[in-house]
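Structure file data.txt with compact mmCIF, C-alpha atoms:
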# COMPACT_ATOMS: atom_id res chain seq x y z
CA MET A 114 -75.23 128.83 -166.20
CA VAL A 115 -73.05 131.87 -165.46
CA GLU A 116 -73.15 133.33 -161.97
CA LEU A 117 -71.93 136.78 -161.02
CA THR A 118 -70.57 137.53 -157.56
CA ARG A 119 -70.23 141.19 -156.75
CA VAL A 120 -68.29 142.43 -153.72
CA TYR A 121 -69.45 145.49 -151.79
CA HIS A 122 -67.82 147.24 -148.84
CA PHE A 123 -69.36 148.99 -145.86
CA SER A 124 -68.21 150.13 -142.43
CA ALA A 125 -70.53 149.85 -139.45
CA ALA A 126 -70.60 149.62 -135.69
CA HIS A 127 -72.38 146.92 -133.73
CA GLN A 128 -72.38 145.01 -130.50
CA LEU A 129 -73.50 141.49 -129.79
CA ARG A 130 -76.29 141.51 -127.26
CA ASN A 131 -79.46 139.64 -126.59
CA LEU A 132 -81.93 142.08 -125.05
CA SER A 133 -83.51 139.30 -122.99
CA LEU A 134 -80.20 138.80 -121.13
CA SER A 135 -78.54 140.98 -118.48
CA PRO A 136 -75.36 142.91 -119.35
CA GLU A 137 -73.38 140.36 -117.35
CA GLN A 138 -74.94 137.43 -119.22
CA ASN A 139 -74.23 139.12 -122.58
CA ALA A 140 -70.60 139.70 -121.52
CA ALA A 141 -70.25 136.03 -120.57
CA LEU A 142 -71.89 134.85 -123.80
CA TYR A 143 -70.26 137.22 -126.32
CA GLY A 144 -66.98 138.20 -124.59
CA ASP A 145 -65.44 141.48 -125.74
CA CYS A 146 -67.90 141.65 -128.65
CA HIS A 147 -70.70 142.61 -126.23
CA ARG A 148 -69.20 146.13 -126.26
CA PRO A 149 -69.82 148.56 -129.17
CA HIS A 150 -67.15 148.13 -131.83
CA GLY A 151 -66.88 148.32 -135.59
CA HIS A 152 -65.81 146.38 -138.65
CA ASN A 153 -65.02 147.08 -142.27
CA TYR A 154 -67.35 144.51 -143.79
CA TYR A 155 -67.44 143.02 -147.26
CA LEU A 156 -70.74 141.80 -148.64
CA GLU A 157 -70.60 139.33 -151.53
CA VAL A 158 -73.83 138.76 -153.43
CA THR A 159 -74.03 136.02 -156.05
CA ARG A 160 -76.72 136.18 -158.72
CA ARG A 161 -77.52 134.26 -161.85
CA ASP A 162 -77.50 137.38 -163.98
CA ARG A 163 -76.45 141.06 -163.98
CA ALA A 164 -75.72 143.74 -161.38
CA VAL A 165 -76.90 143.84 -157.77
CA SER A 166 -78.98 146.64 -156.26
CA GLY A 167 -77.40 148.79 -153.55
CA ALA A 168 -80.49 148.43 -151.35
CA VAL A 169 -78.53 147.04 -148.41
CA LEU A 170 -75.57 149.40 -148.50
CA ALA A 171 -77.65 152.57 -148.37
CA GLU A 172 -79.10 151.35 -145.08
CA VAL A 173 -76.00 150.00 -143.32
CA ASP A 174 -72.90 151.92 -144.44
CA HIS A 175 -71.58 154.07 -141.59
CA HIS A 176 -74.53 153.29 -139.32
CA ALA A 177 -74.88 151.34 -136.10
CA LEU A 178 -76.39 148.06 -137.30
CA GLU A 179 -78.77 147.81 -134.34
CA GLU A 180 -80.36 151.09 -135.50
CA VAL A 181 -81.12 149.87 -139.05
CA PRO A 182 -84.89 149.28 -139.29
CA ALA A 183 -84.50 146.17 -141.47
CA LEU A 184 -82.20 144.64 -138.83
CA ARG A 185 -84.47 145.31 -135.85
CA GLY A 186 -84.36 142.29 -133.53
CA VAL A 187 -81.32 140.75 -135.28
CA ILE A 188 -78.29 139.90 -133.14
CA THR A 189 -75.74 141.39 -135.50
CA ALA A 190 -73.25 138.53 -135.69
CA GLY A 191 -71.96 137.76 -139.19
CA GLU A 192 -74.17 134.71 -139.73
CA SER A 193 -77.28 136.64 -138.71
CA LEU A 194 -76.33 139.52 -141.02
CA ALA A 195 -75.96 137.11 -143.96
CA ARG A 196 -79.50 135.78 -143.33
CA ALA A 197 -80.93 139.28 -142.86
CA PHE A 198 -79.31 140.62 -146.04
CA TRP A 199 -80.73 137.62 -147.91
CA ARG A 200 -84.22 138.48 -146.63
CA ILE A 201 -83.75 142.11 -147.73
CA LEU A 202 -82.44 141.22 -151.20
CA VAL A 203 -84.85 138.43 -152.20
CA PRO A 204 -87.88 140.68 -152.78
CA ALA A 205 -85.71 143.36 -154.45
CA LEU A 206 -84.36 141.00 -157.13
CA PRO A 207 -85.92 138.90 -159.90
CA ALA A 208 -87.33 135.62 -158.55
CA GLY A 209 -84.72 132.89 -158.34
CA SER A 210 -81.77 135.13 -159.22
CA LEU A 211 -80.19 135.40 -155.76
CA ARG A 212 -77.84 132.47 -155.24
CA ARG A 213 -75.65 133.33 -152.26
CA VAL A 214 -74.97 136.12 -149.76
CA THR A 215 -71.58 136.22 -148.05
CA VAL A 216 -70.67 138.58 -145.22
CA VAL A 217 -66.92 138.95 -144.66
CA GLU A 218 -66.58 140.35 -141.15
CA THR A 219 -62.81 140.06 -140.73
CA ALA A 220 -59.92 138.64 -142.76
CA LYS A 221 -60.56 135.32 -140.99
CA ASN A 222 -64.38 135.22 -140.74
CA ARG A 223 -66.80 134.91 -143.65
CA PHE A 224 -70.40 133.74 -143.52
CA ASP A 225 -72.11 132.21 -146.57
CA TYR A 226 -75.90 131.93 -146.81
CA GLU A 227 -77.83 130.33 -149.66
CA GLY A 228 -81.36 130.44 -148.24
CA GLY A 229 -82.88 127.81 -145.97
CA GLU A 230 -81.85 127.27 -142.39
CA ARG A 231 -78.09 126.83 -142.54
CA CYS A 232 -75.39 129.50 -142.70
CA SER A 233 -71.79 128.30 -143.07
CA LYS A 234 -68.75 129.94 -141.52
CA SER A 235 -65.28 129.76 -143.00

Would you mind writing the file's structure down as structure tokens?
Amino acid sequence: MVELTRVYHFSAAHQLRNLSLSPEQNAALYGDCHRPHGHNYYLEVTRRDRAVSGAVLAEVDHHALEEVPALRGVITAGESLARAFWRILVPALPAGSLRRVTVVETAKNRFDYEGGERCSKS
């Protein structure tokens, strides 16, 4: 079996906040990341066959992630983005072809998701 991993780039702003918490509670929980800030993200999508649709990038590149309809209600941390992008891509691709979604948030933080409950950070 040959798998293809394609790397995409997008830039977006976000802030980590749980709307059920006060601003002070969000600051205590998320530190400086509770304020609006941005990243130059890399999205790696692994499939069993050919090219990957740009369905995600058209929605997120140069947007505030909290304003993206498909991410409504998602706390936009890297692991949550990996899960959300998986949910967006699964119905857009042939059944069983999506193998892994990786969100690279910084040079030191990458989040791999392969479906199911667990998202790994490295």

Two-atom distance - CA of Val181 in chain A, CA of Ala141 in chain A (Å):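 Between these atoms lies a distance of 25.5 Å.
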
Leu132 in chain A environment, 10 Å, all atoms listed in the file, sequence neighbours closer than 6 positions dropped, as a list in words: Asn139, Gly186 and Ile188 of chain A

Close residues, Asp174 in chain A itself excluded, 7 Å, only C-alpha atoms, min 3 positions apart in chain, as a VMD selection string: chain A and resid 123 to 125 170 to 171

Å distance separating CA of Ile201 in chain A from CA of His152 in chain A, one decimal place: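 Straight-line distance from CA of Ile201 in chain A to CA of His152 in chain A works out to 20.6 Å.
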
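By chain and then residue number, the residues within 10 Å of Leu194 in chain A are Leu156, Leu178, Leu184, Val187, Ile188, Thr189, Ala190, Gly191, Glu192, Arg196, Ala197, Phe198, Trp199, Arg200, Val214, Thr215, Val216, Glu218, Phe224 and Tyr226 of chain A, counting only C-alpha atoms and disregarding those fewer than 2 positions away in sequence.
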
Among the residues A:Arg160, A:Arg148, A:His175, A:Lys234, the one that comes closest to Leu211 in chain A [using only C-alpha atoms]: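 Of the candidates, the smallest distance to Leu211 in chain A is held by A:Arg160.
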
Pick from A:Arg185, A:His147, A:Arg213, A:His176, whichever lies nearest to Leu117 in chain A using only C-alpha atoms: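 Once distances to Leu117 in chain A are computed over only C-alpha atoms, the minimum belongs to A:Arg213.
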
Option closest in space to Val217 in chain A, from A:Thr159, A:Ser193, A:Asn153, A:Asn131 [counting only C-alpha atoms]: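 Going through A:Thr159, A:Ser193, A:Asn153, A:Asn131 one by one, the smallest distance to Val217 in chain A is for A:Asn153.
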
Proximity to Ala140 in chain A - best of A:Gln128, A:Pro182, A:Asn222, A:Gly228, all atoms listed in the file: A:Gln128

Selected residue, from A:Val169, A:His150, A:Pro136, A:Tyr155, that lies nearest to Thr219 in chain A when counting all atoms listed in the file: A:Tyr155
